[in-house]
$ cat structure_37.cif   # mmCIF, C-alpha atoms
data_query
loop_
_atom_site.group_PDB
_atom_site.id
_atom_site.type_symbol
_atom_site.label_atom_id
_atom_site.label_comp_id
_atom_site.auth_asym_id
_atom_site.auth_seq_id
_atom_site.Cartn_x
_atom_site.Cartn_y
_atom_site.Cartn_z
ATOM 1 C CA MET S 288 226.593 1.750 105.098
ATOM 2 C CA HIS S 289 226.691 2.554 101.406
ATOM 3 C CA ARG S 290 228.381 5.846 102.132
ATOM 4 C CA SER S 291 231.100 4.174 104.221
ATOM 5 C CA GLY S 292 231.798 1.701 101.428
ATOM 6 C CA THR S 293 232.115 4.553 98.930
ATOM 7 C CA THR S 294 234.506 6.405 101.225
ATOM 8 C CA MET S 295 236.650 3.306 101.681
ATOM 9 C CA ALA S 296 236.830 2.724 97.917
ATOM 10 C CA TRP S 297 237.862 6.349 97.400
ATOM 11 C CA ASN S 298 240.573 6.073 100.046
ATOM 12 C CA VAL S 299 241.939 2.914 98.435
ATOM 13 C CA PHE S 300 241.967 4.653 95.056
ATOM 14 C CA LYS S 301 243.925 7.590 96.463
ATOM 15 C CA PHE S 302 246.355 5.164 98.143
ATOM 16 C CA CYS S 303 246.988 3.312 94.865
ATOM 17 C CA THR S 304 247.478 6.602 93.024
ATOM 18 C CA ALA S 305 249.997 7.676 95.659
ATOM 19 C CA LEU S 306 251.914 4.413 95.228
ATOM 20 C CA ARG S 307 252.185 4.982 91.470
ATOM 21 C CA GLY S 308 253.524 8.487 92.039
ATOM 22 C CA LEU S 309 255.940 7.283 94.697
ATOM 23 C CA GLY S 310 257.564 4.785 92.366
ATOM 24 C CA SER S 311 259.796 7.159 90.431
ATOM 25 C CA ILE S 312 260.994 8.722 93.669
ATOM 26 C CA MET S 313 261.939 5.283 94.991
ATOM 27 C CA ILE S 314 264.097 4.584 91.924
ATOM 28 C CA LEU S 315 265.926 7.852 92.500
ATOM 29 C CA LEU S 316 266.329 6.891 96.163
ATOM 30 C CA VAL S 317 267.871 3.534 95.194
ATOM 31 C CA LEU S 318 270.279 5.245 92.806
ATOM 32 C CA GLY S 319 271.075 7.814 95.505
ATOM 33 C CA VAL S 320 272.021 5.081 97.992
ATOM 34 C CA VAL S 321 274.166 3.456 95.310
ATOM 35 C CA GLY S 322 275.872 6.778 94.614
ATOM 36 C CA VAL S 323 276.626 7.482 98.274
ATOM 37 C CA THR S 324 277.950 3.958 98.730
ATOM 38 C CA TYR S 325 280.120 4.150 95.622
ATOM 39 C CA TYR S 326 281.604 7.445 96.726
ATOM 40 C CA ALA S 327 282.384 6.124 100.208
ATOM 41 C CA VAL S 328 283.867 2.786 99.156
ATOM 42 C CA VAL S 329 285.612 3.531 95.859
ATOM 43 C CA LEU S 330 286.468 7.223 95.787
ATOM 44 C CA THR S 331 287.037 7.898 99.472
ATOM 45 C CA ASN S 332 288.503 4.786 101.074
ATOM 46 C CA TYR S 333 289.612 1.896 98.874
ATOM 47 C CA GLY S 334 290.353 3.625 95.586
ATOM 48 C CA PRO S 335 293.160 5.751 97.088
ATOM 49 C CA ALA S 336 294.484 2.651 98.927
ATOM 50 C CA LEU S 337 295.514 1.121 95.592
ATOM 51 C CA SER S 338 298.530 3.429 95.474
ATOM 52 C CA GLN S 339 299.835 2.444 98.902
ATOM 53 C CA GLY S 340 301.495 -0.750 97.714
ATOM 54 C CA GLY S 341 301.950 -4.052 99.507
ATOM 55 C CA LEU S 342 299.153 -6.059 101.084
ATOM 56 C CA ASP S 343 296.989 -2.958 101.527
ATOM 57 C CA SER S 344 296.832 -2.474 97.764
ATOM 58 C CA LEU S 345 296.078 -6.162 97.188
ATOM 59 C CA ALA S 346 293.288 -6.114 99.760
ATOM 60 C CA ALA S 347 291.857 -2.908 98.286
ATOM 61 C CA LEU S 348 291.961 -4.386 94.764
ATOM 62 C CA THR S 349 290.158 -7.530 95.907
ATOM 63 C CA ILE S 350 287.468 -5.491 97.653
ATOM 64 C CA LEU S 351 286.958 -3.217 94.644
ATOM 65 C CA ILE S 352 286.665 -6.123 92.194
ATOM 66 C CA LEU S 353 284.092 -7.884 94.366
ATOM 67 C CA PHE S 354 282.261 -4.612 95.022
ATOM 68 C CA HIS S 355 281.949 -3.774 91.315
ATOM 69 C CA PHE S 356 280.895 -7.308 90.378
ATOM 70 C CA LEU S 357 278.101 -7.391 92.963
ATOM 71 C CA LEU S 358 277.046 -3.855 92.066
ATOM 72 C CA ALA S 359 276.796 -4.775 88.375
ATOM 73 C CA MET S 360 274.691 -7.866 89.151
ATOM 74 C CA LEU S 361 272.528 -5.838 91.554
ATOM 75 C CA LEU S 362 271.771 -3.150 88.995
ATOM 76 C CA TRP S 363 271.246 -5.704 86.209
ATOM 77 C CA SER S 364 268.720 -7.588 88.334
ATOM 78 C CA TYR S 365 267.091 -4.394 89.577
ATOM 79 C CA PHE S 366 266.421 -2.879 86.156
ATOM 80 C CA SER S 367 265.324 -6.287 84.854
ATOM 81 C CA VAL S 368 262.543 -6.191 87.455
ATOM 82 C CA VAL S 369 261.719 -2.562 86.657
ATOM 83 C CA PHE S 370 261.480 -2.975 82.870
ATOM 84 C CA THR S 371 260.100 -6.532 82.607
ATOM 85 C CA ASP S 372 256.346 -6.837 82.423
ATOM 86 C CA PRO S 373 255.244 -9.266 85.158
ATOM 87 C CA GLY S 374 252.786 -10.925 82.787
ATOM 88 C CA VAL S 375 249.171 -10.212 81.878
ATOM 89 C CA VAL S 376 246.291 -12.401 80.790
ATOM 90 C CA PRO S 377 246.221 -12.744 76.983
ATOM 91 C CA PRO S 378 243.088 -11.437 75.255
ATOM 92 C CA ASN S 379 240.268 -13.991 75.016
ATOM 93 C CA TRP S 380 242.193 -16.455 77.172
ATOM 94 C CA ARG S 381 240.324 -19.628 78.117
ATOM 95 C CA PRO S 382 241.481 -22.323 80.555
ATOM 96 C CA SER S 383 242.298 -25.670 79.042
ATOM 97 C CA THR S 384 242.024 -27.587 82.334
ATOM 98 C CA ASP S 385 240.298 -27.334 85.684
ATOM 99 C CA GLU S 386 241.534 -24.244 87.516
ATOM 100 C CA GLU S 387 242.910 -24.199 91.053
ATOM 101 C CA ARG S 388 240.127 -25.460 93.251
ATOM 102 C CA GLY S 389 242.126 -24.840 96.370
ATOM 103 C CA GLU S 390 242.045 -21.054 95.987
ATOM 104 C CA SER S 391 239.312 -18.849 97.312
ATOM 105 C CA ASP S 392 236.552 -17.294 95.220
ATOM 106 C CA PRO S 393 236.148 -19.946 92.529
ATOM 107 C CA LEU S 394 233.189 -19.149 90.275
ATOM 108 C CA ASN S 395 230.937 -21.508 88.393
ATOM 109 C CA SER S 396 230.957 -20.957 84.665
ATOM 110 C CA LEU S 397 227.235 -20.204 84.781
ATOM 111 C CA ASP S 398 228.079 -16.930 86.537
ATOM 112 C CA PHE S 399 229.601 -15.571 83.341
ATOM 113 C CA VAL S 400 227.760 -17.613 80.734
ATOM 114 C CA GLY S 401 227.313 -14.453 78.672
ATOM 115 C CA LEU S 402 231.066 -13.906 78.524
ATOM 116 C CA GLN S 403 232.297 -17.459 78.109
ATOM 117 C CA SER S 404 231.494 -19.408 75.005
ATOM 118 C CA ASP S 405 232.483 -22.773 76.499
ATOM 119 C CA SER S 406 230.509 -22.658 79.739
ATOM 120 C CA SER S 407 229.524 -26.299 79.365
ATOM 121 C CA SER S 408 233.106 -27.509 78.921
ATOM 122 C CA SER S 409 235.168 -29.641 81.306
ATOM 123 C CA ASN S 410 236.345 -26.683 83.420
ATOM 124 C CA PRO S 411 233.308 -25.923 85.612
ATOM 125 C CA ARG S 412 235.311 -24.076 88.257
ATOM 126 C CA VAL S 413 237.343 -21.100 87.087
ATOM 127 C CA ARG S 414 237.882 -17.600 88.410
ATOM 128 C CA PHE S 415 236.648 -14.386 86.913
ATOM 129 C CA CYS S 416 237.869 -10.820 87.499
ATOM 130 C CA ARG S 417 234.942 -8.428 87.618
ATOM 131 C CA LYS S 418 237.262 -5.419 87.390
ATOM 132 C CA CYS S 419 239.052 -6.549 84.220
ATOM 133 C CA ASN S 420 235.964 -8.373 82.958
ATOM 134 C CA GLN S 421 237.947 -11.465 82.021
ATOM 135 C CA LEU S 422 238.811 -14.966 83.186
ATOM 136 C CA LYS S 423 241.809 -15.426 85.472
ATOM 137 C CA PRO S 424 244.372 -18.228 85.088
ATOM 138 C CA ALA S 425 245.590 -20.164 88.078
ATOM 139 C CA ARG S 426 247.546 -18.030 90.587
ATOM 140 C CA CYS S 427 246.586 -14.809 88.783
ATOM 141 C CA HIS S 428 245.426 -11.848 90.885
ATOM 142 C CA HIS S 429 244.215 -8.328 90.257
ATOM 143 C CA CYS S 430 246.577 -5.480 91.198
ATOM 144 C CA SER S 431 244.780 -2.355 92.329
ATOM 145 C CA VAL S 432 247.873 -0.222 91.754
ATOM 146 C CA CYS S 433 248.455 -1.339 88.151
ATOM 147 C CA GLY S 434 244.742 -1.737 87.507
ATOM 148 C CA ARG S 435 245.089 -5.107 85.780
ATOM 149 C CA CYS S 436 245.347 -8.832 86.455
ATOM 150 C CA VAL S 437 248.942 -10.057 86.871
ATOM 151 C CA LEU S 438 250.040 -13.632 86.270
ATOM 152 C CA LYS S 439 251.210 -15.335 89.483
ATOM 153 C CA MET S 440 251.157 -11.955 91.198
ATOM 154 C CA ASP S 441 253.270 -11.755 94.344
ATOM 155 C CA HIS S 442 252.943 -8.068 95.250
ATOM 156 C CA HIS S 443 253.298 -4.559 93.881
ATOM 157 C CA CYS S 444 256.714 -3.239 94.863
ATOM 158 C CA VAL S 445 257.169 0.530 95.038
ATOM 159 C CA TRP S 446 260.952 0.074 95.017
ATOM 160 C CA VAL S 447 260.831 -1.250 91.444
ATOM 161 C CA VAL S 448 257.715 0.676 90.287
ATOM 162 C CA ASN S 449 256.267 -2.582 89.052
ATOM 163 C CA CYS S 450 254.315 -5.640 90.030
ATOM 164 C CA VAL S 451 256.286 -8.759 90.854
ATOM 165 C CA GLY S 452 254.761 -11.646 88.942
ATOM 166 C CA ALA S 453 255.450 -14.694 86.827
ATOM 167 C CA LEU S 454 257.801 -13.089 84.307
ATOM 168 C CA ASN S 455 260.000 -11.083 86.693
ATOM 169 C CA TYR S 456 259.844 -12.970 89.989
ATOM 170 C CA LYS S 457 263.244 -14.580 89.403
ATOM 171 C CA TYR S 458 264.751 -11.149 88.714
ATOM 172 C CA PHE S 459 263.239 -9.824 91.927
ATOM 173 C CA LEU S 460 264.745 -12.653 93.966
ATOM 174 C CA LEU S 461 268.143 -12.067 92.367
ATOM 175 C CA PHE S 462 267.823 -8.363 93.131
ATOM 176 C CA LEU S 463 267.258 -9.200 96.798
ATOM 177 C CA PHE S 464 270.099 -11.719 96.760
ATOM 178 C CA TYR S 465 272.700 -9.382 95.252
ATOM 179 C CA THR S 466 271.476 -6.467 97.352
ATOM 180 C CA PHE S 467 272.036 -8.516 100.495
ATOM 181 C CA LEU S 468 275.534 -9.567 99.381
ATOM 182 C CA GLU S 469 276.512 -6.044 98.324
ATOM 183 C CA THR S 470 275.212 -4.294 101.425
ATOM 184 C CA THR S 471 276.806 -6.935 103.653
ATOM 185 C CA LEU S 472 280.154 -6.462 101.895
ATOM 186 C CA VAL S 473 279.959 -2.680 102.235
ATOM 187 C CA THR S 474 279.018 -2.967 105.914
ATOM 188 C CA LEU S 475 282.035 -5.187 106.602
ATOM 189 C CA VAL S 476 284.597 -3.120 104.679
ATOM 190 C CA LEU S 477 283.386 0.186 106.155
ATOM 191 C CA MET S 478 283.080 -1.139 109.694
ATOM 192 C CA PRO S 479 286.727 -0.310 110.649
ATOM 193 C CA HIS S 480 286.190 3.256 109.443
ATOM 194 C CA PHE S 481 282.907 3.459 111.371
ATOM 195 C CA ILE S 482 284.547 2.198 114.581
ATOM 196 C CA ALA S 483 287.295 4.778 114.141
ATOM 197 C CA PHE S 484 284.702 7.520 114.605
ATOM 198 C CA PHE S 485 284.407 6.534 118.256
ATOM 199 C CA SER S 486 288.141 6.302 118.956
ATOM 200 C CA ASP S 487 290.472 9.040 120.167
ATOM 201 C CA GLU S 488 292.704 8.722 117.133
ATOM 202 C CA GLU S 489 292.747 11.370 114.432
ATOM 203 C CA ILE S 490 290.813 10.275 111.348
ATOM 204 C CA PRO S 491 292.162 11.348 107.937
ATOM 205 C CA GLY S 492 289.757 12.976 105.507
ATOM 206 C CA THR S 493 287.557 16.014 105.124
ATOM 207 C CA PRO S 494 284.296 16.444 107.047
ATOM 208 C CA GLY S 495 282.402 15.678 103.844
ATOM 209 C CA THR S 496 284.164 12.368 103.167
ATOM 210 C CA LEU S 497 283.862 11.326 106.809
ATOM 211 C CA ALA S 498 280.141 12.094 106.838
ATOM 212 C CA THR S 499 279.644 10.155 103.591
ATOM 213 C CA THR S 500 281.447 7.126 105.016
ATOM 214 C CA PHE S 501 279.358 7.270 108.189
ATOM 215 C CA LEU S 502 276.112 7.583 106.207
ATOM 216 C CA ALA S 503 277.040 4.784 103.782
ATOM 217 C CA PHE S 504 277.763 2.401 106.649
ATOM 218 C CA VAL S 505 274.466 3.108 108.418
ATOM 219 C CA LEU S 506 272.410 2.828 105.212
ATOM 220 C CA ASN S 507 274.022 -0.432 104.085
ATOM 221 C CA LEU S 508 273.717 -1.982 107.526
ATOM 222 C CA ALA S 509 270.024 -1.114 107.628
ATOM 223 C CA PHE S 510 269.416 -2.490 104.125
ATOM 224 C CA ALA S 511 271.400 -5.666 104.827
ATOM 225 C CA LEU S 512 269.320 -6.485 107.900
ATOM 226 C CA SER S 513 265.961 -5.674 106.304
ATOM 227 C CA VAL S 514 266.681 -7.405 102.982
ATOM 228 C CA MET S 515 267.907 -10.530 104.784
ATOM 229 C CA GLY S 516 264.494 -11.096 106.363
ATOM 230 C CA PHE S 517 262.701 -10.271 103.118
ATOM 231 C CA LEU S 518 264.965 -12.636 101.172
ATOM 232 C CA ILE S 519 264.373 -15.519 103.579
ATOM 233 C CA MET S 520 260.619 -15.018 103.297
ATOM 234 C CA HIS S 521 260.639 -14.998 99.494
ATOM 235 C CA ILE S 522 262.924 -18.020 99.248
ATOM 236 C CA SER S 523 260.357 -19.884 101.310
ATOM 237 C CA LEU S 524 257.620 -18.700 98.943
ATOM 238 C CA ALA S 525 259.668 -19.700 95.895
ATOM 239 C CA TYR S 526 259.881 -23.205 97.310
ATOM 240 C CA GLU S 527 256.050 -23.219 97.576
ATOM 241 C CA LYS S 528 256.103 -23.797 101.326
ATOM 242 C CA LYS S 529 252.746 -22.866 102.821
ATOM 243 C CA THR S 530 251.453 -22.898 106.362
ATOM 244 C CA THR S 531 248.922 -25.573 105.431
ATOM 245 C CA THR S 532 250.022 -29.182 105.144
ATOM 246 C CA LYS S 533 248.618 -29.590 101.633
ATOM 247 C CA TRP S 534 249.469 -27.278 98.766
ATOM 248 C CA ARG S 535 248.613 -28.120 95.181
ATOM 249 C CA TYR S 536 251.784 -26.645 93.656
ATOM 250 C CA ASP S 537 254.360 -28.066 96.065
ATOM 251 C CA LEU S 538 256.189 -30.532 93.792
ATOM 252 C CA GLY S 539 259.312 -30.874 95.902
ATOM 253 C CA LYS S 540 262.264 -28.554 96.474
ATOM 254 C CA LYS S 541 264.055 -29.251 93.205
ATOM 255 C CA LYS S 542 261.057 -28.815 90.899
ATOM 256 C CA ASN S 543 259.770 -25.828 92.869
ATOM 257 C CA PHE S 544 263.153 -24.148 92.475
ATOM 258 C CA GLU S 545 263.303 -24.903 88.737
ATOM 259 C CA GLN S 546 259.861 -23.391 88.166
ATOM 260 C CA VAL S 547 261.300 -20.033 89.229
ATOM 261 C CA PHE S 548 264.947 -20.186 88.146
ATOM 262 C CA GLY S 549 264.755 -22.586 85.205
ATOM 263 C CA MET S 550 266.516 -25.894 84.631
ATOM 264 C CA ASP S 551 269.777 -24.578 83.177
ATOM 265 C CA LYS S 552 272.178 -24.135 86.105
ATOM 266 C CA ARG S 553 274.299 -21.656 84.152
ATOM 267 C CA TYR S 554 271.426 -19.156 84.280
ATOM 268 C CA TRP S 555 270.379 -19.579 87.899
ATOM 269 C CA LEU S 556 272.276 -16.484 89.060
ATOM 270 C CA ILE S 557 271.565 -14.425 85.914
ATOM 271 C CA PRO S 558 268.363 -12.417 85.330
ATOM 272 C CA GLY S 559 267.306 -14.345 82.245
ATOM 273 C CA TYR S 560 266.317 -17.735 80.843
ATOM 274 C CA THR S 561 267.542 -19.921 78.016
ATOM 275 C CA GLU S 562 265.325 -20.396 74.980
ATOM 276 C CA GLU S 563 265.251 -24.101 75.780
ATOM 277 C CA ASP S 564 263.837 -23.500 79.263
ATOM 278 C CA LEU S 565 261.215 -21.103 77.927
ATOM 279 C CA ARG S 566 260.196 -23.690 75.342
ATOM 280 C CA ARG S 567 259.970 -26.746 77.583
ATOM 281 C CA MET S 568 258.680 -25.055 80.767
ATOM 282 C CA PRO S 569 255.278 -23.393 80.168
ATOM 283 C CA GLU S 570 255.105 -22.412 83.859
ATOM 284 C CA LEU S 571 257.765 -19.768 83.149
ATOM 285 C CA GLN S 572 255.135 -17.997 81.028
ATOM 286 C CA GLY S 573 252.722 -17.845 83.968
ATOM 287 C CA LEU S 574 249.651 -19.448 82.394
ATOM 288 C CA GLU S 575 250.024 -23.128 83.306
ATOM 289 C CA TYR S 576 251.431 -24.703 86.458
ATOM 290 C CA PRO S 577 251.875 -28.406 87.140
ATOM 291 C CA SER S 578 250.298 -29.666 90.344
ATOM 292 C CA LYS S 579 250.338 -32.793 92.425
ATOM 293 C CA PRO S 580 248.566 -35.509 90.408
ATOM 294 C CA ASP S 581 247.070 -37.053 93.555
ATOM 295 C CA PHE S 582 246.106 -33.748 95.226
ATOM 296 C CA ASP S 583 242.348 -34.034 94.648
ATOM 297 C CA SER S 584 242.231 -37.624 95.872
ATOM 298 C CA GLN S 585 244.062 -36.588 99.052
#
$ encode --input "structure_37.cif" --output "structure tokens"
Amino acid sequence: MHRSGTTMAWNVFKFCTALRGLGSIMILLVLGVVGVTYYAVVLTNYGPALSQGGLDSLAALTILILFHFLLAMLLWSYFSVVFTDPGVVPPNWRPSTDEERGESDPLNSLDFVGLQSDSSSSNPRVRFCRKCNQLKPARCHHCSVCGRCVLKMDHHCVWVVNCVGALNYKYFLLFLFYTFLETTLVTLVLMPHFIAFFSDEEIPGTPGTLATTFLAFVLNLAFALSVMGFLIMHISLAYEKKTTTKWRYDLGKKKNFEQVFGMDKRYWLIPGYTEEDLRRMPELQGLEYPSKPDFDSQ
């Protein structure tokens, strides 16, 4: 039995190491899809249409403006997720209030009396990470890929080579949102060219440009469909909707939304927060989260 457990731990370690190595390749893959799409939409099809004049030029201009705007927001959100630390537990952190009793694996402070100086304080139920050898705030989880505890950890995403946590979760949602809009737009504008492949009419262009258009359509259609499901799932999670009827952090749709996107509406669709929101909303820092005041009595 001991040998099987050791083998399993070794396999998990190799899997996590493989995920870290795969990350850089995934970034190059994302940029490669962007490059193929840009070549098909801008350089091959709608860029040359600007010189045709009339309604065709106006339609091409509208498509190119919208395409570049969504692409800029997509890349801004994407690299914000990649380069923003998801949030880690500060050194010597201690909880100021009772930690989430509804989560699994709560530990009594007596279990780490040698590590905690305030074991007799008013927070008898907190969580402790044996791998990081430190206390864990509410909604904090250990990431085996990063090898550290991440504040409000959602998951480790190989596409962004980073954990998705408290400090970059909004950026991740915006990345999904703009990716869905961009890939949907590309699918729609390239659909007439894709349909033309199956007609008897002669299609203008070289074999290389035709193949690029075909590939760009298939890739963007696949991403649009897959990201749509992923986006719906994460929007539900952002609203704190759980399968159970009672959830400590479900404060209502409006407050749940603001805890991820902030209170300033001007910044809801931008990967960033105002200084005012960061000052008045400690939950944006990932260490403290308001909960239902009557949850324990219920």
$ resolve_selection --input "structure_37.cif" --expression "the PyMOL selection byres ((chain S and resi 570-572) around 12)" --output "PyMOL selection string"
chain S and resi 372-377+424-427+437-439+452-457+536+542-550+559-569+573-578
$ axis_aligned_box --input "structure_37.cif" --around "stretch 332-338 of chain S" --padding-each-side "5 Å" --output "JSON"
{"center_x": 293.5, "center_y": 3.4, "center_z": 98.3, "size_x": 20.0, "size_y": 14.6, "size_z": 15.6}
$ atom_distance --input "structure_37.cif" --atom1 "atom CA of S:Leu508" --atom2 "atom CA of S:Thr324"
11.4 Å
$ atom_distance --input "structure_37.cif" --atom1 "atom CA of S:Trp363" --atom2 "atom CA of S:Met440"
21.6 Å
$ resolve_selection --input "structure_37.cif" --expression "the PyMOL selection byres ((chain S and resi 327-339) around 8)" --output "ChimeraX atom specification"
/S:323-326,340-341,343-345,347-348,350-351,473,477,496,499-500,503
$ atom_distance --input "structure_37.cif" --atom1 "atom CA of S:Glu488" --atom2 "atom CA of S:Thr470"
26.9 Å
$ resolve_selection --input "structure_37.cif" --expression "the PyMOL selection byres ((chain S and resi 420) around 12)" --output "MDAnalysis selection string"
chainID S and resid 376 378:380 399 401:403 414:419 421:423 429 434:436
$ write_last_selection --input "structure_37.cif" --atoms "C-alpha atoms" --output "mmCIF file, keeping the file's coordinate frame"
data_model
loop_
_atom_site.group_PDB
_atom_site.id
_atom_site.type_symbol
_atom_site.label_atom_id
_atom_site.label_comp_id
_atom_site.auth_asym_id
_atom_site.auth_seq_id
_atom_site.Cartn_x
_atom_site.Cartn_y
_atom_site.Cartn_z
ATOM 1 C CA VAL S 376 246.291 -12.401 80.790
ATOM 2 C CA PRO S 378 243.088 -11.437 75.255
ATOM 3 C CA ASN S 379 240.268 -13.991 75.016
ATOM 4 C CA TRP S 380 242.193 -16.455 77.172
ATOM 5 C CA PHE S 399 229.601 -15.571 83.341
ATOM 6 C CA GLY S 401 227.313 -14.453 78.672
ATOM 7 C CA LEU S 402 231.066 -13.906 78.524
ATOM 8 C CA GLN S 403 232.297 -17.459 78.109
ATOM 9 C CA ARG S 414 237.882 -17.600 88.410
ATOM 10 C CA PHE S 415 236.648 -14.386 86.913
ATOM 11 C CA CYS S 416 237.869 -10.820 87.499
ATOM 12 C CA ARG S 417 234.942 -8.428 87.618
ATOM 13 C CA LYS S 418 237.262 -5.419 87.390
ATOM 14 C CA CYS S 419 239.052 -6.549 84.220
ATOM 15 C CA GLN S 421 237.947 -11.465 82.021
ATOM 16 C CA LEU S 422 238.811 -14.966 83.186
ATOM 17 C CA LYS S 423 241.809 -15.426 85.472
ATOM 18 C CA HIS S 429 244.215 -8.328 90.257
ATOM 19 C CA GLY S 434 244.742 -1.737 87.507
ATOM 20 C CA ARG S 435 245.089 -5.107 85.780
ATOM 21 C CA CYS S 436 245.347 -8.832 86.455
#
$ residues_around --input "structure_37.cif" --residues "S:Asn449" --least-positions-apart "5" --cutoff "8 Å" --atoms "all atoms listed in the file" --output "JSON list (two decimals) with C-alpha atoms, in the frame of the given file"
[["chain", "number", "residue", "atom", "x", "y", "z"],
["S", 368, "VAL", "CA", 262.54, -6.19, 87.46],
["S", 369, "VAL", "CA", 261.72, -2.56, 86.66],
["S", 372, "ASP", "CA", 256.35, -6.84, 82.42],
["S", 373, "PRO", "CA", 255.24, -9.27, 85.16],
["S", 433, "CYS", "CA", 248.46, -1.34, 88.15],
["S", 443, "HIS", "CA", 253.30, -4.56, 93.88],
["S", 444, "CYS", "CA", 256.71, -3.24, 94.86]]
$ closest_residue --input "structure_37.cif" --among "S:Phe501, S:Phe354, S:Phe370, S:Tyr465" --to "S:Ile557" --atoms "all atoms listed in the file"
S:Tyr465
